[in-house]
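Read through the structure below, which is laid out as structure tokens, and then see the notes.
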There are 2 protein chains.
Amino acid sequence: MVRNKNISVIIPAAGSSARLNAGTSKQFILLDNKPLLFYSLDQFLVLDNLQEIIVVSNDISGTKSLLDNYGGDKSKIKIVAGGELRQDSVLLGFKELNPNTTLVIIHDVARPLFDLNDLEKCINCAEANGACVLACPVSDTIKKAKYDNDRLVVETTIDRRNLYAVQTPQVFQYKLLGEVYKKYCEICVDKPVVTDEAKLVELLGGKVDLVIGKRSNIKITYPEDLKLAEAILQNQKQELEIAR
Amino acid sequence: MVRNKNISVIIPAAGSSARLNAGTSKQFILLDNKPLLFYSLDQFLVLDNLQEIIVVSNDISGTKSLLDNYGGDKSKIKIVAGGELRQDSVLLGFKELNPNTTLVIIHDVARPLFDLNDLEKCINCAEANGACVLACPVSDTIKKAKYDNDRLVVETTIDRRNLYAVQTPQVFQYKLLGEVYKKYCEICVDKPVVTDEAKLVELLGGKVDLVIGKRSNIKITYPEDLKLAEAILQNQKQELEIAR
């Protein structure tokens, strides 16, 4: 495939990570003594056709200080102020993109362990079809439950067939995402609250493809996820050593 | 609490583990050189008030040979022939239970890494309320998707609020489960197909409680899950060493 593309990355890193009790934004959290943000930067910086990486933060000076200690190429990294909701932050990042961009990658800083080959598949799929997201088939039984005083009681079991747990990176054609945001910004009242940009594309009439990713691309939400991430990382390092 | 209870465990281990490409039932799969089944046996055998463990298998002689190499107490372990579906196997196991049983634990052999403290909480909750299951809040966005030729395309995004990924062990009062199975067996046509016994309880009018478990209690479904389990296990061993 002849590649005539410019890839831009938006990393929303403005969340407060309240569920981690870390007292800090997730980008600063250390995994094996390295801030979460650096994992994503390291990975994106090896992409061909990378134009820029926009880190959206509510702590601009903190993020700047953090990047002072980053050993990789900083020339393509920009810091942009975030909004109230995750989706606001991504939109603020989007507005700062170089209009030469052809593909936009949106990636949560809380997923430091995504696989570059999976990302490549996602990029190719979005290039062909418009929007593509990494996902894994759900293998647990999923139930909807509600607190009844102290008890958490099941309301219903969801049919798990055809259910996928979606991850980031999510990749979108710049043009498509621009159209989606145009419609989104025209909504004056009751703007939809979404947990990912793919949902915005779906809501506003676009199609989203899934590419099967790896379960090891976990999202660090709770303190124990950090332990799990450490374990996965150790395992990946060992495998790299064996491969050498 | 005065404990006047007899706990029995049913381990359905009759599945073919087709998604693991292991060519063998999951009970035989090695995790850190130890068969998956042994992990669960080791854990359940330390329970107070344990009456019996019923392993439901479609390979009786294979399971017998496997148990010949088990170093723990085998006097409480019974092997029972399984059925076609997972739920059939559990029912066949249930029919073989000692009627002195007051609490039944149902546990998938594919989850070797459950936590004993979480199980204790689940036992106490089921003793008080009837049925209790370990679960974790869903932190990924969940989408329903369908294959359209080679493309896997999103149909809809499920609202993840109040969604829980349920695990095993699942604990039931023997009497409640007996009533549920009585109703279930009376259904002549279109017996419901379920992915866990909690769903049967729900369908037939019972309440199911959830107790929040650990994300590290993963289900080994795909080959990469085994790698993840190895990583978790290494991490747990290291923590144990540090604690010593």
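How things are named: the first chain in the structure tokens is A, the next is B, and so on; residues count from 1 in each chain; ligands count from 1 in the order shown.
The interface of chain A with chain B at 6 Å, considering only C-alpha atoms, consists of A:Asp140, A:Thr141, A:Ile142, A:Lys143, A:Lys144, A:Ala145, A:Leu152, A:Val153, A:Val154, A:Asn162, A:Leu163, A:Tyr164, A:Ala165, A:Val166, A:Val208, A:Asp209, A:Leu210, A:Ala231, A:Ile232, A:Asn235.
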Once chain B is fitted onto chain A by least squares over all its in-order Cα atoms, send the moved chain as a PDB file with C-alpha atoms, in the first residue's frame.
ATOM      1  CA  MET B   1      -0.079   0.057  -0.106  1.00  0.00           C
ATOM      2  CA  VAL B   2       1.288   3.493  -0.982  1.00  0.00           C
ATOM      3  CA  ARG B   3       1.248   5.408   2.236  1.00  0.00           C
ATOM      4  CA  ASN B   4       0.288   9.007   1.912  1.00  0.00           C
ATOM      5  CA  LYS B   5      -0.721   9.659   5.432  1.00  0.00           C
ATOM      6  CA  ASN B   6       0.011  11.817   8.426  1.00  0.00           C
ATOM      7  CA  ILE B   7      -0.740  10.297  11.773  1.00  0.00           C
ATOM      8  CA  SER B   8      -1.512  12.390  14.832  1.00  0.00           C
ATOM      9  CA  VAL B   9      -2.046  11.032  18.329  1.00  0.00           C
ATOM     10  CA  ILE B  10      -4.226  12.465  21.089  1.00  0.00           C
ATOM     11  CA  ILE B  11      -3.547  11.168  24.596  1.00  0.00           C
ATOM     12  CA  PRO B  12      -6.208  12.279  27.078  1.00  0.00           C
ATOM     13  CA  ALA B  13      -4.341  12.370  30.377  1.00  0.00           C
ATOM     14  CA  ALA B  14      -6.544  14.801  32.261  1.00  0.00           C
ATOM     15  CA  GLY B  15      -8.441  12.317  34.428  1.00  0.00           C
ATOM     16  CA  SER B  16      -8.155  12.441  38.192  1.00  0.00           C
ATOM     17  CA  SER B  17      -7.736   8.675  38.632  1.00  0.00           C
ATOM     18  CA  ALA B  18      -9.950   8.792  41.711  1.00  0.00           C
ATOM     19  CA  ARG B  19     -10.445   5.009  41.694  1.00  0.00           C
ATOM     20  CA  LEU B  20      -6.702   4.477  41.954  1.00  0.00           C
ATOM     21  CA  ASN B  21      -6.443   6.575  45.142  1.00  0.00           C
ATOM     22  CA  ALA B  22      -3.178   7.794  43.673  1.00  0.00           C
ATOM     23  CA  GLY B  23      -3.882  11.459  44.382  1.00  0.00           C
ATOM     24  CA  THR B  24      -2.444  12.278  40.987  1.00  0.00           C
ATOM     25  CA  SER B  25      -3.333  12.105  37.307  1.00  0.00           C
ATOM     26  CA  LYS B  26      -2.669   8.705  35.760  1.00  0.00           C
ATOM     27  CA  GLN B  27       0.105   9.968  33.489  1.00  0.00           C
ATOM     28  CA  PHE B  28       2.402  10.378  36.533  1.00  0.00           C
ATOM     29  CA  ILE B  29       1.797   6.943  38.040  1.00  0.00           C
ATOM     30  CA  LEU B  30       4.911   4.796  38.025  1.00  0.00           C
ATOM     31  CA  LEU B  31       4.905   1.346  36.496  1.00  0.00           C
ATOM     32  CA  ASP B  32       8.263  -0.319  37.015  1.00  0.00           C
ATOM     33  CA  ASN B  33       9.667   3.125  37.926  1.00  0.00           C
ATOM     34  CA  LYS B  34       8.542   4.690  34.642  1.00  0.00           C
ATOM     35  CA  PRO B  35       5.595   7.102  34.384  1.00  0.00           C
ATOM     36  CA  LEU B  36       2.596   5.641  32.542  1.00  0.00           C
ATOM     37  CA  LEU B  37       2.720   8.440  29.949  1.00  0.00           C
ATOM     38  CA  PHE B  38       6.222   7.443  28.827  1.00  0.00           C
ATOM     39  CA  TYR B  39       5.064   3.949  27.837  1.00  0.00           C
ATOM     40  CA  SER B  40       2.602   5.334  25.322  1.00  0.00           C
ATOM     41  CA  LEU B  41       5.035   7.964  24.044  1.00  0.00           C
ATOM     42  CA  ASP B  42       7.740   5.330  23.488  1.00  0.00           C
ATOM     43  CA  GLN B  43       5.340   3.245  21.427  1.00  0.00           C
ATOM     44  CA  PHE B  44       3.836   5.996  19.295  1.00  0.00           C
ATOM     45  CA  LEU B  45       7.204   7.585  18.537  1.00  0.00           C
ATOM     46  CA  VAL B  46       8.283   4.546  16.521  1.00  0.00           C
ATOM     47  CA  LEU B  47       5.303   4.874  14.147  1.00  0.00           C
ATOM     48  CA  ASP B  48       6.035   5.724  10.542  1.00  0.00           C
ATOM     49  CA  ASN B  49       4.274   8.864   9.346  1.00  0.00           C
ATOM     50  CA  LEU B  50       3.897  10.212  12.876  1.00  0.00           C
ATOM     51  CA  GLN B  51       3.217  13.928  12.744  1.00  0.00           C
ATOM     52  CA  GLU B  52       2.524  14.866  16.347  1.00  0.00           C
ATOM     53  CA  ILE B  53       1.447  13.638  19.766  1.00  0.00           C
ATOM     54  CA  ILE B  54      -0.918  15.848  21.728  1.00  0.00           C
ATOM     55  CA  VAL B  55      -1.029  15.181  25.461  1.00  0.00           C
ATOM     56  CA  VAL B  56      -4.179  16.667  26.974  1.00  0.00           C
ATOM     57  CA  SER B  57      -3.607  17.523  30.609  1.00  0.00           C
ATOM     58  CA  ASN B  58      -5.246  19.498  33.398  1.00  0.00           C
ATOM     59  CA  ASP B  59      -1.858  19.973  34.993  1.00  0.00           C
ATOM     60  CA  ILE B  60       0.148  21.655  32.257  1.00  0.00           C
ATOM     61  CA  SER B  61       3.121  22.557  34.425  1.00  0.00           C
ATOM     62  CA  GLY B  62       3.201  19.071  35.951  1.00  0.00           C
ATOM     63  CA  THR B  63       3.139  17.473  32.511  1.00  0.00           C
ATOM     64  CA  LYS B  64       5.876  19.857  31.329  1.00  0.00           C
ATOM     65  CA  SER B  65       8.091  18.900  34.272  1.00  0.00           C
ATOM     66  CA  LEU B  66       7.376  15.251  33.623  1.00  0.00           C
ATOM     67  CA  LEU B  67       8.399  15.620  29.968  1.00  0.00           C
ATOM     68  CA  ASP B  68      11.622  17.345  31.030  1.00  0.00           C
ATOM     69  CA  ASN B  69      12.664  13.917  32.260  1.00  0.00           C
ATOM     70  CA  TYR B  70      11.562  12.085  29.135  1.00  0.00           C
ATOM     71  CA  GLY B  71      14.484  10.586  27.263  1.00  0.00           C
ATOM     72  CA  GLY B  72      12.763  10.216  23.867  1.00  0.00           C
ATOM     73  CA  ASP B  73      12.248  12.704  21.027  1.00  0.00           C
ATOM     74  CA  LYS B  74      10.188  15.581  22.399  1.00  0.00           C
ATOM     75  CA  SER B  75       9.981  17.610  19.193  1.00  0.00           C
ATOM     76  CA  LYS B  76       6.657  16.081  18.158  1.00  0.00           C
ATOM     77  CA  ILE B  77       4.994  16.292  21.584  1.00  0.00           C
ATOM     78  CA  LYS B  78       2.579  19.119  22.419  1.00  0.00           C
ATOM     79  CA  ILE B  79       0.718  19.705  25.682  1.00  0.00           C
ATOM     80  CA  VAL B  80      -2.838  21.031  25.549  1.00  0.00           C
ATOM     81  CA  ALA B  81      -5.160  21.989  28.424  1.00  0.00           C
ATOM     82  CA  GLY B  82      -7.978  19.497  29.089  1.00  0.00           C
ATOM     83  CA  GLY B  83     -11.691  19.863  29.780  1.00  0.00           C
ATOM     84  CA  GLU B  84     -14.109  18.579  32.356  1.00  0.00           C
ATOM     85  CA  LEU B  85     -15.026  15.233  30.803  1.00  0.00           C
ATOM     86  CA  ARG B  86     -12.682  12.872  28.956  1.00  0.00           C
ATOM     87  CA  GLN B  87     -14.567  13.581  25.734  1.00  0.00           C
ATOM     88  CA  ASP B  88     -14.110  17.355  26.203  1.00  0.00           C
ATOM     89  CA  SER B  89     -10.366  16.828  26.590  1.00  0.00           C
ATOM     90  CA  VAL B  90     -10.147  14.784  23.403  1.00  0.00           C
ATOM     91  CA  LEU B  91     -12.088  17.449  21.496  1.00  0.00           C
ATOM     92  CA  LEU B  92      -9.742  20.154  22.816  1.00  0.00           C
ATOM     93  CA  GLY B  93      -6.833  18.029  21.611  1.00  0.00           C
ATOM     94  CA  PHE B  94      -8.505  17.533  18.233  1.00  0.00           C
ATOM     95  CA  LYS B  95      -8.857  21.309  17.747  1.00  0.00           C
ATOM     96  CA  GLU B  96      -5.096  21.677  18.097  1.00  0.00           C
ATOM     97  CA  LEU B  97      -4.252  19.077  15.455  1.00  0.00           C
ATOM     98  CA  ASN B  98      -2.282  20.018  12.407  1.00  0.00           C
ATOM     99  CA  PRO B  99      -4.907  20.036   9.602  1.00  0.00           C
ATOM    100  CA  ASN B 100      -2.523  17.968   7.442  1.00  0.00           C
ATOM    101  CA  THR B 101      -3.495  15.026   9.636  1.00  0.00           C
ATOM    102  CA  THR B 102      -5.131  12.144   7.811  1.00  0.00           C
ATOM    103  CA  LEU B 103      -5.456   9.670  10.693  1.00  0.00           C
ATOM    104  CA  VAL B 104      -6.087  10.397  14.366  1.00  0.00           C
ATOM    105  CA  ILE B 105      -5.166   7.926  17.078  1.00  0.00           C
ATOM    106  CA  ILE B 106      -6.894   8.438  20.426  1.00  0.00           C
ATOM    107  CA  HIS B 107      -5.298   6.587  23.290  1.00  0.00           C
ATOM    108  CA  ASP B 108      -5.826   6.476  27.049  1.00  0.00           C
ATOM    109  CA  VAL B 109      -2.688   7.010  29.084  1.00  0.00           C
ATOM    110  CA  ALA B 110      -4.073   4.285  31.382  1.00  0.00           C
ATOM    111  CA  ARG B 111      -3.252   1.602  28.786  1.00  0.00           C
ATOM    112  CA  PRO B 112       0.546   1.515  28.685  1.00  0.00           C
ATOM    113  CA  LEU B 113       0.831  -2.040  27.338  1.00  0.00           C
ATOM    114  CA  PHE B 114      -0.798  -1.989  23.910  1.00  0.00           C
ATOM    115  CA  ASP B 115       0.821  -3.949  21.128  1.00  0.00           C
ATOM    116  CA  LEU B 116       2.336  -2.145  18.143  1.00  0.00           C
ATOM    117  CA  ASN B 117       1.337  -4.861  15.666  1.00  0.00           C
ATOM    118  CA  ASP B 118      -2.260  -4.594  16.809  1.00  0.00           C
ATOM    119  CA  LEU B 119      -2.062  -0.829  16.422  1.00  0.00           C
ATOM    120  CA  GLU B 120      -0.777  -1.252  12.849  1.00  0.00           C
ATOM    121  CA  LYS B 121      -3.775  -3.478  12.048  1.00  0.00           C
ATOM    122  CA  CYS B 122      -6.076  -0.872  13.552  1.00  0.00           C
ATOM    123  CA  ILE B 123      -4.448   1.914  11.510  1.00  0.00           C
ATOM    124  CA  ASN B 124      -4.821  -0.049   8.286  1.00  0.00           C
ATOM    125  CA  CYS B 125      -8.451  -0.844   9.033  1.00  0.00           C
ATOM    126  CA  ALA B 126      -9.304   2.786   9.873  1.00  0.00           C
ATOM    127  CA  GLU B 127      -7.512   3.938   6.733  1.00  0.00           C
ATOM    128  CA  ALA B 128      -9.729   1.620   4.691  1.00  0.00           C
ATOM    129  CA  ASN B 129     -13.007   1.963   6.578  1.00  0.00           C
ATOM    130  CA  GLY B 130     -13.056   5.158   8.633  1.00  0.00           C
ATOM    131  CA  ALA B 131     -12.920   4.143  12.280  1.00  0.00           C
ATOM    132  CA  CYS B 132     -11.326   1.198  14.037  1.00  0.00           C
ATOM    133  CA  VAL B 133     -10.923   0.174  17.636  1.00  0.00           C
ATOM    134  CA  LEU B 134      -9.019  -2.605  19.436  1.00  0.00           C
ATOM    135  CA  ALA B 135     -11.260  -5.019  21.311  1.00  0.00           C
ATOM    136  CA  CYS B 136     -11.355  -8.456  22.933  1.00  0.00           C
ATOM    137  CA  PRO B 137     -14.301 -10.845  23.069  1.00  0.00           C
ATOM    138  CA  VAL B 138     -15.890 -10.868  26.525  1.00  0.00           C
ATOM    139  CA  SER B 139     -15.249 -14.229  28.175  1.00  0.00           C
ATOM    140  CA  ASP B 140     -16.775 -13.538  31.595  1.00  0.00           C
ATOM    141  CA  THR B 141     -20.490 -13.686  32.230  1.00  0.00           C
ATOM    142  CA  ILE B 142     -21.721 -10.084  32.517  1.00  0.00           C
ATOM    143  CA  LYS B 143     -24.435  -9.110  34.980  1.00  0.00           C
ATOM    144  CA  LYS B 144     -26.191  -5.855  35.708  1.00  0.00           C
ATOM    145  CA  ALA B 145     -26.455  -5.287  39.449  1.00  0.00           C
ATOM    146  CA  LYS B 146     -27.652  -2.608  41.833  1.00  0.00           C
ATOM    147  CA  TYR B 147     -26.884  -1.742  45.432  1.00  0.00           C
ATOM    148  CA  ASP B 148     -29.772  -2.450  47.798  1.00  0.00           C
ATOM    149  CA  ASN B 149     -28.426  -0.853  50.986  1.00  0.00           C
ATOM    150  CA  ASP B 150     -25.238  -2.818  51.645  1.00  0.00           C
ATOM    151  CA  ARG B 151     -26.091  -5.648  49.281  1.00  0.00           C
ATOM    152  CA  LEU B 152     -25.112  -5.657  45.631  1.00  0.00           C
ATOM    153  CA  VAL B 153     -27.885  -7.681  43.976  1.00  0.00           C
ATOM    154  CA  VAL B 154     -28.106  -8.941  40.395  1.00  0.00           C
ATOM    155  CA  GLU B 155     -30.839  -7.432  38.237  1.00  0.00           C
ATOM    156  CA  THR B 156     -30.168  -9.324  35.046  1.00  0.00           C
ATOM    157  CA  THR B 157     -27.565 -11.312  33.124  1.00  0.00           C
ATOM    158  CA  ILE B 158     -26.505  -9.834  29.789  1.00  0.00           C
ATOM    159  CA  ASP B 159     -26.141 -12.230  26.863  1.00  0.00           C
ATOM    160  CA  ARG B 160     -22.382 -12.151  26.323  1.00  0.00           C
ATOM    161  CA  ARG B 161     -22.452 -13.496  22.771  1.00  0.00           C
ATOM    162  CA  ASN B 162     -21.121 -10.862  20.387  1.00  0.00           C
ATOM    163  CA  LEU B 163     -19.936  -8.680  23.268  1.00  0.00           C
ATOM    164  CA  TYR B 164     -16.484  -7.115  23.067  1.00  0.00           C
ATOM    165  CA  ALA B 165     -14.514  -5.190  25.664  1.00  0.00           C
ATOM    166  CA  VAL B 166     -13.067  -2.307  23.710  1.00  0.00           C
ATOM    167  CA  GLN B 167      -9.705  -0.762  24.369  1.00  0.00           C
ATOM    168  CA  THR B 168      -7.630   2.054  23.039  1.00  0.00           C
ATOM    169  CA  PRO B 169      -5.842   2.880  20.732  1.00  0.00           C
ATOM    170  CA  GLN B 170      -8.828   3.888  18.619  1.00  0.00           C
ATOM    171  CA  VAL B 171      -8.061   5.149  15.120  1.00  0.00           C
ATOM    172  CA  PHE B 172     -10.193   7.515  13.013  1.00  0.00           C
ATOM    173  CA  GLN B 173      -9.886   9.206   9.668  1.00  0.00           C
ATOM    174  CA  TYR B 174      -9.348  12.884  10.451  1.00  0.00           C
ATOM    175  CA  LYS B 175     -12.112  13.882   8.063  1.00  0.00           C
ATOM    176  CA  LEU B 176     -14.648  11.513   9.605  1.00  0.00           C
ATOM    177  CA  LEU B 177     -13.842  12.627  13.139  1.00  0.00           C
ATOM    178  CA  GLY B 178     -14.101  16.257  12.021  1.00  0.00           C
ATOM    179  CA  GLU B 179     -17.593  15.622  10.648  1.00  0.00           C
ATOM    180  CA  VAL B 180     -18.611  13.835  13.831  1.00  0.00           C
ATOM    181  CA  TYR B 181     -17.346  16.696  16.001  1.00  0.00           C
ATOM    182  CA  LYS B 182     -19.156  19.214  13.790  1.00  0.00           C
ATOM    183  CA  LYS B 183     -22.455  17.424  14.456  1.00  0.00           C
ATOM    184  CA  TYR B 184     -21.560  16.989  18.122  1.00  0.00           C
ATOM    185  CA  CYS B 185     -20.862  20.693  18.586  1.00  0.00           C
ATOM    186  CA  GLU B 186     -24.203  21.554  17.007  1.00  0.00           C
ATOM    187  CA  ILE B 187     -26.025  19.694  19.788  1.00  0.00           C
ATOM    188  CA  CYS B 188     -26.936  22.526  22.172  1.00  0.00           C
ATOM    189  CA  VAL B 189     -28.597  20.663  25.023  1.00  0.00           C
ATOM    190  CA  ASP B 190     -28.081  17.149  26.355  1.00  0.00           C
ATOM    191  CA  LYS B 191     -24.814  16.440  24.623  1.00  0.00           C
ATOM    192  CA  PRO B 192     -24.276  12.683  24.889  1.00  0.00           C
ATOM    193  CA  VAL B 193     -21.788  11.545  27.517  1.00  0.00           C
ATOM    194  CA  VAL B 194     -19.592   8.786  26.074  1.00  0.00           C
ATOM    195  CA  THR B 195     -16.781   6.612  27.355  1.00  0.00           C
ATOM    196  CA  ASP B 196     -15.003   6.545  23.983  1.00  0.00           C
ATOM    197  CA  GLU B 197     -14.940   8.442  20.694  1.00  0.00           C
ATOM    198  CA  ALA B 198     -16.107   5.361  18.784  1.00  0.00           C
ATOM    199  CA  LYS B 199     -19.460   5.778  20.549  1.00  0.00           C
ATOM    200  CA  LEU B 200     -19.675   9.360  19.236  1.00  0.00           C
ATOM    201  CA  VAL B 201     -19.067   8.047  15.718  1.00  0.00           C
ATOM    202  CA  GLU B 202     -21.769   5.398  16.229  1.00  0.00           C
ATOM    203  CA  LEU B 203     -24.253   7.918  17.655  1.00  0.00           C
ATOM    204  CA  LEU B 204     -23.728  10.308  14.788  1.00  0.00           C
ATOM    205  CA  GLY B 205     -24.222   7.719  12.087  1.00  0.00           C
ATOM    206  CA  GLY B 206     -20.748   6.332  11.339  1.00  0.00           C
ATOM    207  CA  LYS B 207     -19.571   2.727  11.269  1.00  0.00           C
ATOM    208  CA  VAL B 208     -16.888   1.486  13.650  1.00  0.00           C
ATOM    209  CA  ASP B 209     -14.768  -1.595  12.961  1.00  0.00           C
ATOM    210  CA  LEU B 210     -13.221  -3.740  15.656  1.00  0.00           C
ATOM    211  CA  VAL B 211      -9.834  -5.416  15.418  1.00  0.00           C
ATOM    212  CA  ILE B 212      -9.120  -8.136  17.966  1.00  0.00           C
ATOM    213  CA  GLY B 213      -6.401  -7.002  20.356  1.00  0.00           C
ATOM    214  CA  LYS B 214      -4.660  -8.602  23.292  1.00  0.00           C
ATOM    215  CA  ARG B 215      -6.044  -9.108  26.765  1.00  0.00           C
ATOM    216  CA  SER B 216      -2.737  -7.933  28.166  1.00  0.00           C
ATOM    217  CA  ASN B 217      -3.590  -4.395  27.009  1.00  0.00           C
ATOM    218  CA  ILE B 218      -5.285  -3.752  30.332  1.00  0.00           C
ATOM    219  CA  LYS B 219      -6.609  -0.435  31.569  1.00  0.00           C
ATOM    220  CA  ILE B 220      -5.177   0.709  34.856  1.00  0.00           C
ATOM    221  CA  THR B 221      -8.264   1.744  36.799  1.00  0.00           C
ATOM    222  CA  TYR B 222      -7.922   0.159  40.229  1.00  0.00           C
ATOM    223  CA  PRO B 223      -4.798  -0.271  42.393  1.00  0.00           C
ATOM    224  CA  GLU B 224      -4.689  -4.018  41.701  1.00  0.00           C
ATOM    225  CA  ASP B 225      -4.583  -3.305  37.947  1.00  0.00           C
ATOM    226  CA  LEU B 226      -1.165  -1.769  38.515  1.00  0.00           C
ATOM    227  CA  LYS B 227       0.041  -5.044  40.035  1.00  0.00           C
ATOM    228  CA  LEU B 228      -1.394  -6.927  37.090  1.00  0.00           C
ATOM    229  CA  ALA B 229       0.375  -4.523  34.706  1.00  0.00           C
ATOM    230  CA  GLU B 230       3.677  -5.104  36.532  1.00  0.00           C
ATOM    231  CA  ALA B 231       3.212  -8.828  36.140  1.00  0.00           C
ATOM    232  CA  ILE B 232       2.446  -8.505  32.420  1.00  0.00           C
ATOM    233  CA  LEU B 233       5.438  -6.232  31.919  1.00  0.00           C
ATOM    234  CA  GLN B 234       7.822  -8.642  33.676  1.00  0.00           C
ATOM    235  CA  ASN B 235       6.495 -11.415  31.492  1.00  0.00           C
ATOM    236  CA  GLN B 236       6.982  -9.368  28.322  1.00  0.00           C
ATOM    237  CA  LYS B 237      10.553  -8.541  29.342  1.00  0.00           C
ATOM    238  CA  GLN B 238      11.324 -12.205  29.959  1.00  0.00           C
ATOM    239  CA  GLU B 239       9.923 -13.130  26.565  1.00  0.00           C
ATOM    240  CA  LEU B 240      12.038 -10.464  24.923  1.00  0.00           C
ATOM    241  CA  GLU B 241      15.131 -11.902  26.634  1.00  0.00           C
ATOM    242  CA  ILE B 242      14.259 -15.402  25.484  1.00  0.00           C
ATOM    243  CA  ALA B 243      13.734 -14.132  21.934  1.00  0.00           C
ATOM    244  CA  ARG B 244      17.183 -12.498  21.886  1.00  0.00           C
TER     245      ARG B 244
END
**Message:** Please return, as a ChimeraX atom specification, all residues of stretch 16-65 of chain A that DSSP assigns to alpha helix (DSSP H) on the basis of the backbone.
**Reply:** /A:36-44,60-65
**Request:** May I have all residues of stretch 143-183 of chain A that DSSP, computed from the backbone, assigns to strand (DSSP E), given as a PyMOL selection string?
**Result:** chain A and resi 143-148+151-158+163-173
Hey, can you spit out that residue selection with C-alpha atoms as a PDB file, in the first residue's frame?
ATOM      1  CA  LYS A 143     -24.436  -9.129  34.972  1.00  0.00           C
ATOM      2  CA  LYS A 144     -26.200  -5.889  35.708  1.00  0.00           C
ATOM      3  CA  ALA A 145     -26.467  -5.329  39.455  1.00  0.00           C
ATOM      4  CA  LYS A 146     -27.665  -2.654  41.858  1.00  0.00           C
ATOM      5  CA  TYR A 147     -26.907  -1.818  45.452  1.00  0.00           C
ATOM      6  CA  ASP A 148     -29.787  -2.530  47.817  1.00  0.00           C
ATOM      7  CA  ARG A 151     -26.104  -5.748  49.293  1.00  0.00           C
ATOM      8  CA  LEU A 152     -25.125  -5.735  45.634  1.00  0.00           C
ATOM      9  CA  VAL A 153     -27.892  -7.747  43.972  1.00  0.00           C
ATOM     10  CA  VAL A 154     -28.109  -8.994  40.381  1.00  0.00           C
ATOM     11  CA  GLU A 155     -30.845  -7.473  38.230  1.00  0.00           C
ATOM     12  CA  THR A 156     -30.166  -9.353  35.036  1.00  0.00           C
ATOM     13  CA  THR A 157     -27.557 -11.325  33.124  1.00  0.00           C
ATOM     14  CA  ILE A 158     -26.511  -9.838  29.790  1.00  0.00           C
ATOM     15  CA  LEU A 163     -19.946  -8.665  23.268  1.00  0.00           C
ATOM     16  CA  TYR A 164     -16.501  -7.107  23.069  1.00  0.00           C
ATOM     17  CA  ALA A 165     -14.531  -5.192  25.666  1.00  0.00           C
ATOM     18  CA  VAL A 166     -13.089  -2.299  23.715  1.00  0.00           C
ATOM     19  CA  GLN A 167      -9.716  -0.761  24.381  1.00  0.00           C
ATOM     20  CA  THR A 168      -7.655   2.039  23.041  1.00  0.00           C
ATOM     21  CA  PRO A 169      -5.859   2.877  20.744  1.00  0.00           C
ATOM     22  CA  GLN A 170      -8.843   3.887  18.635  1.00  0.00           C
ATOM     23  CA  VAL A 171      -8.067   5.154  15.117  1.00  0.00           C
ATOM     24  CA  PHE A 172     -10.206   7.510  13.022  1.00  0.00           C
ATOM     25  CA  GLN A 173      -9.890   9.203   9.666  1.00  0.00           C
TER      26      GLN A 173
END
